[in-house]
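Enquirer: The structure follows.
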Amino acid sequence: MTSVGIIGATGYAGAELVRILTGHPHVNLTVLTSRQYAGTPFSEIYPCMLNVCTLTCEEFSMEETAAKADIFFMALPHQLPMHLAPGLLARGKKVIDLSADFRFSDPARYESCYQEHTAKELLQQSVYGLTEIYREEIRGADIVGNPGCYPTSILLPLIPLLNDGLIHRDTLIADAKSGVSGAGRTPALATHHCEVNESFKAYKVDGHRHNPEIDEVLTLQTGRDVHVVFVPHLVPMTRGMLSTIYAVPQKGISAEDVRQCLQQRYQDSPFVRILPNGRTPDTRHVNRTNFCDIGFHLDQKYNRLVLLSAIDNLVKGAAGQAVQNMNIMTGYAETAGLDAVPFPL
Ligand SMILES: NC(=O)c1ccc[n+]([C@@H]2O[C@H](COP(=O)([O-])OP(=O)(O)OC[C@H]3O[C@@H](n4cnc5c(N)ncnc54)[C@H](OP(=O)(O)O)[C@@H]3O)[C@@H](O)[C@H]2O)c1
């Protein structure tokens, strides 16, 4: 058994971690932290957890909290984890951070869209936690920067096709839609029920922070500069993310080439499902699971490839992928704690 703590357990990503880890066969959840709810039983904040999780939230303290677990998940807003990770690592703990603080290799790229990085030296040590692509590096990592939800849904379909030279790298467009839980639990006018219900809009068209993350990974993967035109949208549903990606295929590429490339790349990846011909991904069918469903349509007449991917933003887009990474770091089966049967409705 591995003892595990969650720092920032009461937000949506943290609560999803509690849910998954409570049912994990090899995990003993030992500490949950929160500022606002220190002293409150977790099941009072999330009543569904009554008799399921008996822990009470505590204020974070480096000495006391670190002593209670071997692995820590941080589900805090960006800028906070960079101050905590060095202390946890110095105490021999492993860290999986769900914020953007340890996702970037290049500090300048991080600083161009977030803020000054105070633990730059760790960026060379941290591994980008897109499990299916960086599995071997994650195995030996002490610190993992878990990917953003939009990047997960966009990078998984694109990387194999770019690596195998099936699509052009300079004409990529990603049109992505997220459920409102993607914005976290902290109330804000933009995500107020009356502002989002029965409505559908694009946001941050002039520059979302996940764009540099997507570009950095694709640039590192291909060894050439890559920029994706990325437009995020807010959908009036609680969870789920669907990305539609438009690419120009290289000359002579067939639908069978696309299928073979994706299937080959993900044949040993239990959470990536390449859908049969004619089927398109649906957020309903990945809801509360760690699956990423990928479908595609090749329009040979007009030479366009349309890729579609669906994930649950809180599971494969956050907590589920973080647990998948923990499984790899600890040598457990990749699917441990994540093998819940999907909901048909
Ligand atoms: N939501 C998603 O779909 C998603 C997907 C991928 C990645 N992520 C990342 O996961 C992290 C957590 O996201 P979330 O959606 O769970 O956010 P959230 O619902 O707003 O939760 C934030 C958590 O951080 C704690 N916290 C501690 N210090 C804080 C501070 N100074 N300001 C605000 N909160 C503070 C909060 O509890 P207390 O205030 O009680 O301490 C709470 O537990 C973020 O870095 C986010 O980018 C989220």
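Identifiers in the structure tokens: chain A, B, ... in order shown; residue index from 1 per chain; ligand index from 1 in order shown.
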At a cut-off of 6 Å around ligand 1, and using only C-alpha atoms and all ligand atoms, what residues come up? Please write them as a ChimeraX atom specification.
Expert: /A:8-14,34-37,75-78,98-99,148-149,181-186,313-314,317-318
Enquirer: For the residues selected in the previous step, produce a file with C-alpha atoms as a JSON list (two decimals), in the first residue's frame.
Expert:
```json
[["chain", "number", "residue", "atom", "x", "y", "z"],
["A", 8, "GLY", "CA", -6.20, 21.28, -2.26],
["A", 9, "ALA", "CA", -8.63, 18.39, -1.82],
["A", 10, "THR", "CA", -11.85, 20.40, -1.78],
["A", 11, "GLY", "CA", -11.79, 21.81, -5.33],
["A", 12, "TYR", "CA", -13.32, 19.87, -8.19],
["A", 13, "ALA", "CA", -10.08, 18.22, -9.29],
["A", 14, "GLY", "CA", -9.15, 17.47, -5.66],
["A", 34, "SER", "CA", -7.81, 22.90, 2.61],
["A", 35, "ARG", "CA", -7.64, 26.45, 3.96],
["A", 36, "GLN", "CA", -11.35, 27.25, 4.01],
["A", 37, "TYR", "CA", -12.45, 23.83, 5.29],
["A", 75, "ALA", "CA", -4.77, 20.28, -6.93],
["A", 76, "LEU", "CA", -4.16, 23.98, -6.26],
["A", 77, "PRO", "CA", -4.36, 27.04, -8.50],
["A", 78, "HIS", "CA", -1.14, 27.64, -10.45],
["A", 98, "LEU", "CA", -2.31, 19.25, -11.51],
["A", 99, "SER", "CA", -1.59, 22.95, -12.10],
["A", 148, "GLY", "CA", -4.16, 20.60, -18.91],
["A", 149, "CYS", "CA", -7.52, 19.15, -19.96],
["A", 181, "SER", "CA", -16.38, 22.32, -14.00],
["A", 182, "GLY", "CA", -13.25, 23.04, -16.04],
["A", 183, "ALA", "CA", -13.25, 26.47, -14.40],
["A", 184, "GLY", "CA", -13.10, 25.03, -10.87],
["A", 185, "ARG", "CA", -15.36, 25.37, -7.84],
["A", 186, "THR", "CA", -14.51, 28.92, -6.87],
["A", 313, "ASN", "CA", -12.15, 17.02, -18.09],
["A", 314, "LEU", "CA", -12.00, 16.03, -14.41],
["A", 317, "GLY", "CA", -8.26, 15.76, -18.13],
["A", 318, "ALA", "CA", -7.13, 15.98, -14.48]]
```
Enquirer: Using the chain letters and numbers from this document, which residues of region 95-158 of chain A does DSSP assign to helix (DSSP H, G or I), as a PyMOL selection string?
Expert: chain A and resi 107-113+120-123+131-139+149-158
Enquirer: Excluding Pro25 (chain A) and any residue of its chain fewer than 3 positions from it, enumerate the residues within 9 Å of it, using only C-alpha atoms, and give them as a list in words.
Expert: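 The contact residues come out as Met1, Leu21, Thr22, Asn28, Ala336 and Gly337 of chain A.
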Enquirer: Go ahead and save the residues from that selection, with C-alpha atoms, as a tab-separated table (two decimals), in the first residue's frame.
Expert:
```tsv
chain	number	residue	atom	x	y	z
A	1	MET	CA	0.00	0.00	0.00
A	21	LEU	CA	-8.21	7.20	-4.61
A	22	THR	CA	-10.80	6.09	-2.04
A	28	ASN	CA	-4.18	4.52	1.73
A	336	ALA	CA	-5.51	0.35	-10.91
A	337	GLY	CA	-8.33	2.38	-9.36
```
Enquirer: Set the distance at 10 Å and use only C-alpha atoms: which residues neighbour region 239-243 of chain A once local chain neighbours fewer than 2 positions away are removed? I'd like the list as JSON, numbers by chain.
Expert: {"A": [149, 150, 151, 152, 153, 154, 157, 174, 175, 176, 177, 178, 179, 180, 181, 182, 230, 231, 232, 233, 234, 235, 236, 237, 245, 246, 281, 282, 283, 284, 285, 286, 287, 288, 292, 293, 294, 307, 308, 309, 310, 311, 312, 313, 314, 315, 316, 317]}
Enquirer: What residues in region 250-309 of chain A get the DSSP label strand (DSSP E or B)? Please answer as a list in words.
Expert: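 Answer for region 250-309 of chain A, restricted to strand (DSSP E or B): Val272, Arg273, Ile274, Cys292, Asp293, Ile294, Gly295, Phe296, His297, Leu298, Asp299, Arg304, Leu305, Val306, Leu307, Leu308 and Ser309 of chain A.
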Enquirer: For the selection just defined, write its residues with N, CA and C atoms to a file, as a tab-separated table (two decimals), in the first residue's frame.
Expert:
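Below is the file again_27.tsv, written as the result:
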```tsv
chain	number	residue	atom	x	y	z
A	272	VAL	N	-7.05	4.80	-24.27
A	272	VAL	CA	-7.31	5.50	-25.54
A	272	VAL	C	-8.06	4.53	-26.45
A	273	ARG	N	-9.27	4.94	-26.84
A	273	ARG	CA	-10.10	4.07	-27.69
A	273	ARG	C	-10.27	4.73	-29.06
A	274	ILE	N	-9.81	4.03	-30.09
A	274	ILE	CA	-10.00	4.52	-31.46
A	274	ILE	C	-11.34	3.95	-31.94
A	292	CYS	N	-10.08	8.32	-23.29
A	292	CYS	CA	-10.08	9.36	-24.32
A	292	CYS	C	-10.54	8.64	-25.58
A	293	ASP	N	-11.72	9.00	-26.08
A	293	ASP	CA	-12.24	8.39	-27.30
A	293	ASP	C	-11.86	9.25	-28.50
A	294	ILE	N	-11.33	8.60	-29.53
A	294	ILE	CA	-10.89	9.35	-30.72
A	294	ILE	C	-11.60	8.80	-31.96
A	295	GLY	N	-12.16	9.70	-32.76
A	295	GLY	CA	-12.74	9.33	-34.05
A	295	GLY	C	-12.18	10.26	-35.11
A	296	PHE	N	-12.42	9.96	-36.38
A	296	PHE	CA	-11.92	10.87	-37.43
A	296	PHE	C	-12.73	10.69	-38.71
A	297	HIS	N	-12.65	11.71	-39.56
A	297	HIS	CA	-13.23	11.64	-40.89
A	297	HIS	C	-12.23	12.25	-41.87
A	298	LEU	N	-11.87	11.49	-42.91
A	298	LEU	CA	-10.97	12.02	-43.92
A	298	LEU	C	-11.78	12.41	-45.14
A	299	ASP	N	-11.76	13.70	-45.45
A	299	ASP	CA	-12.45	14.20	-46.62
A	299	ASP	C	-11.42	14.26	-47.75
A	304	ARG	N	-9.04	17.32	-46.30
A	304	ARG	CA	-9.06	17.73	-44.89
A	304	ARG	C	-9.26	16.50	-44.01
A	305	LEU	N	-8.54	16.48	-42.90
A	305	LEU	CA	-8.76	15.44	-41.91
A	305	LEU	C	-9.40	16.08	-40.68
A	306	VAL	N	-10.56	15.55	-40.27
A	306	VAL	CA	-11.23	16.04	-39.07
A	306	VAL	C	-11.04	14.98	-37.99
A	307	LEU	N	-10.37	15.38	-36.90
A	307	LEU	CA	-10.16	14.47	-35.76
A	307	LEU	C	-11.07	14.92	-34.63
A	308	LEU	N	-11.64	13.96	-33.92
A	308	LEU	CA	-12.50	14.32	-32.79
A	308	LEU	C	-12.07	13.52	-31.58
A	309	SER	N	-12.04	14.18	-30.42
A	309	SER	CA	-11.70	13.43	-29.21
A	309	SER	C	-12.58	13.88	-28.07
```
Enquirer: For Tyr332 (chain A), find every residue with an atom within 12 Å (counting only C-alpha atoms), except residues of its own chain fewer than 2 positions away, and show them as a compact mmCIF listing (two decimals) with all heavy atoms, in the first residue's frame.
Expert:
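Below you can see result_7.txt, which holds the result:
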```txt
# COMPACT_ATOMS: atom_id res chain seq x y z
N MET A 1 0.85 -1.20 0.00
CA MET A 1 0.00 0.00 0.00
C MET A 1 0.88 1.25 0.00
O MET A 1 1.94 1.26 0.61
CB MET A 1 -0.89 0.03 1.24
CG MET A 1 -1.93 -1.06 1.31
SD MET A 1 -3.22 -0.93 0.05
CE MET A 1 -4.40 0.14 0.84
N THR A 2 0.41 2.29 -0.66
CA THR A 2 1.12 3.57 -0.70
C THR A 2 0.28 4.61 0.02
O THR A 2 -0.93 4.73 -0.23
CB THR A 2 1.33 4.01 -2.17
OG1 THR A 2 2.07 3.00 -2.83
CG2 THR A 2 2.06 5.33 -2.27
N HIS A 24 -9.12 3.06 -4.70
CA HIS A 24 -7.89 2.49 -5.29
C HIS A 24 -7.41 1.32 -4.44
O HIS A 24 -7.25 1.46 -3.23
CB HIS A 24 -6.82 3.58 -5.37
CG HIS A 24 -5.67 3.24 -6.26
ND1 HIS A 24 -4.77 2.23 -5.95
CD2 HIS A 24 -5.26 3.76 -7.44
CE1 HIS A 24 -3.85 2.16 -6.91
NE2 HIS A 24 -4.13 3.07 -7.83
N PRO A 25 -7.13 0.16 -5.07
CA PRO A 25 -6.79 -1.03 -4.27
C PRO A 25 -5.44 -0.94 -3.54
O PRO A 25 -5.22 -1.69 -2.60
CB PRO A 25 -6.76 -2.16 -5.32
CG PRO A 25 -6.52 -1.48 -6.63
CD PRO A 25 -7.17 -0.12 -6.52
N HIS A 26 -4.54 -0.04 -3.98
CA HIS A 26 -3.20 -0.02 -3.37
C HIS A 26 -2.91 1.30 -2.64
O HIS A 26 -1.75 1.59 -2.34
CB HIS A 26 -2.12 -0.23 -4.45
CG HIS A 26 -2.39 -1.41 -5.32
ND1 HIS A 26 -2.53 -2.68 -4.82
CD2 HIS A 26 -2.57 -1.51 -6.67
CE1 HIS A 26 -2.77 -3.52 -5.82
NE2 HIS A 26 -2.81 -2.83 -6.95
N VAL A 27 -3.94 2.10 -2.42
CA VAL A 27 -3.71 3.43 -1.83
C VAL A 27 -4.38 3.55 -0.47
O VAL A 27 -5.52 3.14 -0.27
CB VAL A 27 -4.25 4.55 -2.77
CG1 VAL A 27 -4.40 5.88 -2.04
CG2 VAL A 27 -3.30 4.72 -3.96
N ARG A 139 7.86 6.82 -15.43
CA ARG A 139 8.20 5.68 -14.57
C ARG A 139 9.27 6.05 -13.53
O ARG A 139 9.20 5.68 -12.38
CB ARG A 139 8.72 4.53 -15.46
CG ARG A 139 8.33 3.17 -15.00
CD ARG A 139 8.82 2.10 -15.98
NE ARG A 139 8.05 2.01 -17.22
CZ ARG A 139 6.83 1.52 -17.32
NH1 ARG A 139 6.21 1.07 -16.26
NH2 ARG A 139 6.20 1.48 -18.48
N VAL A 323 -3.78 9.95 -11.42
CA VAL A 323 -3.70 8.64 -10.76
C VAL A 323 -3.01 7.63 -11.71
O VAL A 323 -2.20 6.81 -11.28
CB VAL A 323 -5.10 8.16 -10.32
CG1 VAL A 323 -5.05 6.72 -9.81
CG2 VAL A 323 -5.66 9.09 -9.24
N GLN A 324 -3.31 7.72 -12.98
CA GLN A 324 -2.64 6.86 -13.98
C GLN A 324 -1.11 7.06 -13.88
O GLN A 324 -0.34 6.10 -13.89
CB GLN A 324 -3.16 7.24 -15.37
CG GLN A 324 -2.80 6.30 -16.49
CD GLN A 324 -3.35 6.81 -17.85
OE1 GLN A 324 -4.10 7.79 -17.91
NE2 GLN A 324 -2.97 6.14 -18.91
N ASN A 325 -0.71 8.33 -13.73
CA ASN A 325 0.73 8.63 -13.59
C ASN A 325 1.28 8.07 -12.28
O ASN A 325 2.39 7.52 -12.25
CB ASN A 325 0.96 10.14 -13.68
CG ASN A 325 0.75 10.64 -15.10
OD1 ASN A 325 1.00 9.90 -16.06
ND2 ASN A 325 0.31 11.86 -15.26
N MET A 326 0.51 8.21 -11.21
CA MET A 326 0.96 7.64 -9.93
C MET A 326 1.15 6.13 -10.06
O MET A 326 2.12 5.56 -9.56
CB MET A 326 -0.07 7.92 -8.83
CG MET A 326 0.36 7.41 -7.47
SD MET A 326 -1.00 7.03 -6.36
CE MET A 326 -1.65 5.54 -7.07
N ASN A 327 0.21 5.47 -10.76
CA ASN A 327 0.32 4.02 -10.93
C ASN A 327 1.63 3.65 -11.62
O ASN A 327 2.29 2.67 -11.26
CB ASN A 327 -0.86 3.49 -11.76
CG ASN A 327 -2.17 3.49 -10.97
OD1 ASN A 327 -2.16 3.50 -9.74
ND2 ASN A 327 -3.29 3.48 -11.68
N ILE A 328 2.01 4.45 -12.60
CA ILE A 328 3.24 4.16 -13.33
C ILE A 328 4.46 4.45 -12.46
O ILE A 328 5.41 3.67 -12.41
CB ILE A 328 3.24 4.95 -14.65
CG1 ILE A 328 2.22 4.27 -15.57
CG2 ILE A 328 4.62 5.00 -15.29
CD1 ILE A 328 1.87 5.02 -16.78
N MET A 329 4.41 5.57 -11.72
CA MET A 329 5.54 5.93 -10.84
C MET A 329 5.76 4.88 -9.75
O MET A 329 6.89 4.70 -9.28
CB MET A 329 5.27 7.29 -10.19
CG MET A 329 5.33 8.46 -11.17
SD MET A 329 4.46 9.91 -10.53
CE MET A 329 5.72 10.71 -9.55
N THR A 330 4.69 4.21 -9.32
CA THR A 330 4.81 3.27 -8.21
C THR A 330 4.92 1.81 -8.67
O THR A 330 5.12 0.93 -7.84
CB THR A 330 3.57 3.38 -7.29
OG1 THR A 330 2.41 3.32 -8.09
CG2 THR A 330 3.56 4.65 -6.48
N GLU A 334 -1.34 0.08 -14.63
CA GLU A 334 -1.72 1.43 -15.08
C GLU A 334 -3.20 1.72 -14.83
O GLU A 334 -3.59 2.87 -14.63
CB GLU A 334 -1.39 1.54 -16.57
CG GLU A 334 -1.50 2.94 -17.13
CD GLU A 334 -0.92 3.05 -18.53
OE1 GLU A 334 0.06 2.33 -18.87
OE2 GLU A 334 -1.45 3.87 -19.31
N THR A 335 -4.00 0.68 -14.83
CA THR A 335 -5.45 0.86 -14.71
C THR A 335 -5.95 0.79 -13.26
O THR A 335 -7.16 0.95 -13.02
CB THR A 335 -6.18 -0.22 -15.52
OG1 THR A 335 -5.65 -1.49 -15.10
CG2 THR A 335 -5.99 -0.07 -17.01
N ALA A 336 -5.06 0.55 -12.30
CA ALA A 336 -5.51 0.35 -10.91
C ALA A 336 -6.31 1.57 -10.42
O ALA A 336 -5.88 2.72 -10.57
CB ALA A 336 -4.31 0.11 -9.99
N GLY A 337 -7.47 1.31 -9.89
CA GLY A 337 -8.33 2.38 -9.36
C GLY A 337 -9.09 3.14 -10.44
O GLY A 337 -9.88 4.03 -10.13
N LEU A 338 -8.81 2.80 -11.70
CA LEU A 338 -9.40 3.58 -12.81
C LEU A 338 -10.26 2.71 -13.72
O LEU A 338 -10.62 3.11 -14.81
CB LEU A 338 -8.27 4.21 -13.64
CG LEU A 338 -7.43 5.25 -12.92
CD1 LEU A 338 -6.16 5.56 -13.71
CD2 LEU A 338 -8.24 6.54 -12.70
```
Enquirer: So which residues touch Glu63 (chain A) within 10 Å, counting only C-alpha atoms, skipping near sequence neighbours fewer than 5 positions away, as a list in words?
Expert: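 Near neighbours after the sequence-gap exclusion: Lys68, Gly87, Leu88 and Arg91 of chain A.
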Enquirer: Go ahead and write the selection's residues with N, CA, C and O atoms as a PDB file, in the first residue's frame.
Expert:
```
ATOM      1  N   LYS A  68       2.925  12.731   6.614  1.00  0.00           N
ATOM      2  CA  LYS A  68       1.782  11.814   6.607  1.00  0.00           C
ATOM      3  C   LYS A  68       1.629  10.960   5.348  1.00  0.00           C
ATOM      4  O   LYS A  68       0.735  10.118   5.283  1.00  0.00           O
ATOM      5  N   GLY A  87       9.967  21.758  -1.188  1.00  0.00           N
ATOM      6  CA  GLY A  87       9.980  21.239   0.184  1.00  0.00           C
ATOM      7  C   GLY A  87       9.560  19.780   0.247  1.00  0.00           C
ATOM      8  O   GLY A  87      10.121  18.986   1.004  1.00  0.00           O
ATOM      9  N   LEU A  88       8.568  19.413  -0.552  1.00  0.00           N
ATOM     10  CA  LEU A  88       8.105  18.012  -0.549  1.00  0.00           C
ATOM     11  C   LEU A  88       9.179  17.099  -1.137  1.00  0.00           C
ATOM     12  O   LEU A  88       9.474  16.032  -0.593  1.00  0.00           O
ATOM     13  N   ARG A  91      12.025  16.351   1.115  1.00  0.00           N
ATOM     14  CA  ARG A  91      11.687  15.375   2.166  1.00  0.00           C
ATOM     15  C   ARG A  91      11.477  13.971   1.583  1.00  0.00           C
ATOM     16  O   ARG A  91      10.910  13.085   2.227  1.00  0.00           O
TER      17      ARG A  91
END
```
Enquirer: Measuring atom to atom with only C-alpha atoms, identify which of A:Gln260, A:Thr131, A:Ser269, A:Asn197 is nearest to Thr238 (chain A).
Expert: A:Asn197
Enquirer: At what distance in Å, to one decimal, does CA of Thr118 (chain A) lie from CA of His83 (chain A)?
Expert: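 Separation between CA of His83 (chain A) and CA of Thr118 (chain A): 7.1 Å.
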Enquirer: From the set A:Glu59, A:Asp101, A:Glu132, A:Asp164, which residue has the shortest atom-to-atom contact distance to Ile253 (chain A), counting only C-alpha atoms?
Expert: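 Result for the nearest residue to Ile253 (chain A): A:Asp164.
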Enquirer: One decimal, in Å: what's the spacing between CA of Tyr266 (chain A) and CA of Val226 (chain A)?
Expert: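 Interatomic distance, CA of Tyr266 (chain A) to CA of Val226 (chain A): 22.5 Å.
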Enquirer: Between A:Ala247, A:Ile6, A:Leu17, A:Met82, which one has atoms that come closest to Phe60 (chain A), using only C-alpha atoms?
Expert: A:Ile6
Enquirer: Compare A:Pro344, A:Gly320, A:Pro187, A:Pro41 by their minimum atom-to-atom distance to Leu130 (chain A), counting only C-alpha atoms, and give me the closest one.
Expert: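 Checking each candidate against Leu130 (chain A), we get A:Gly320 as the closest.
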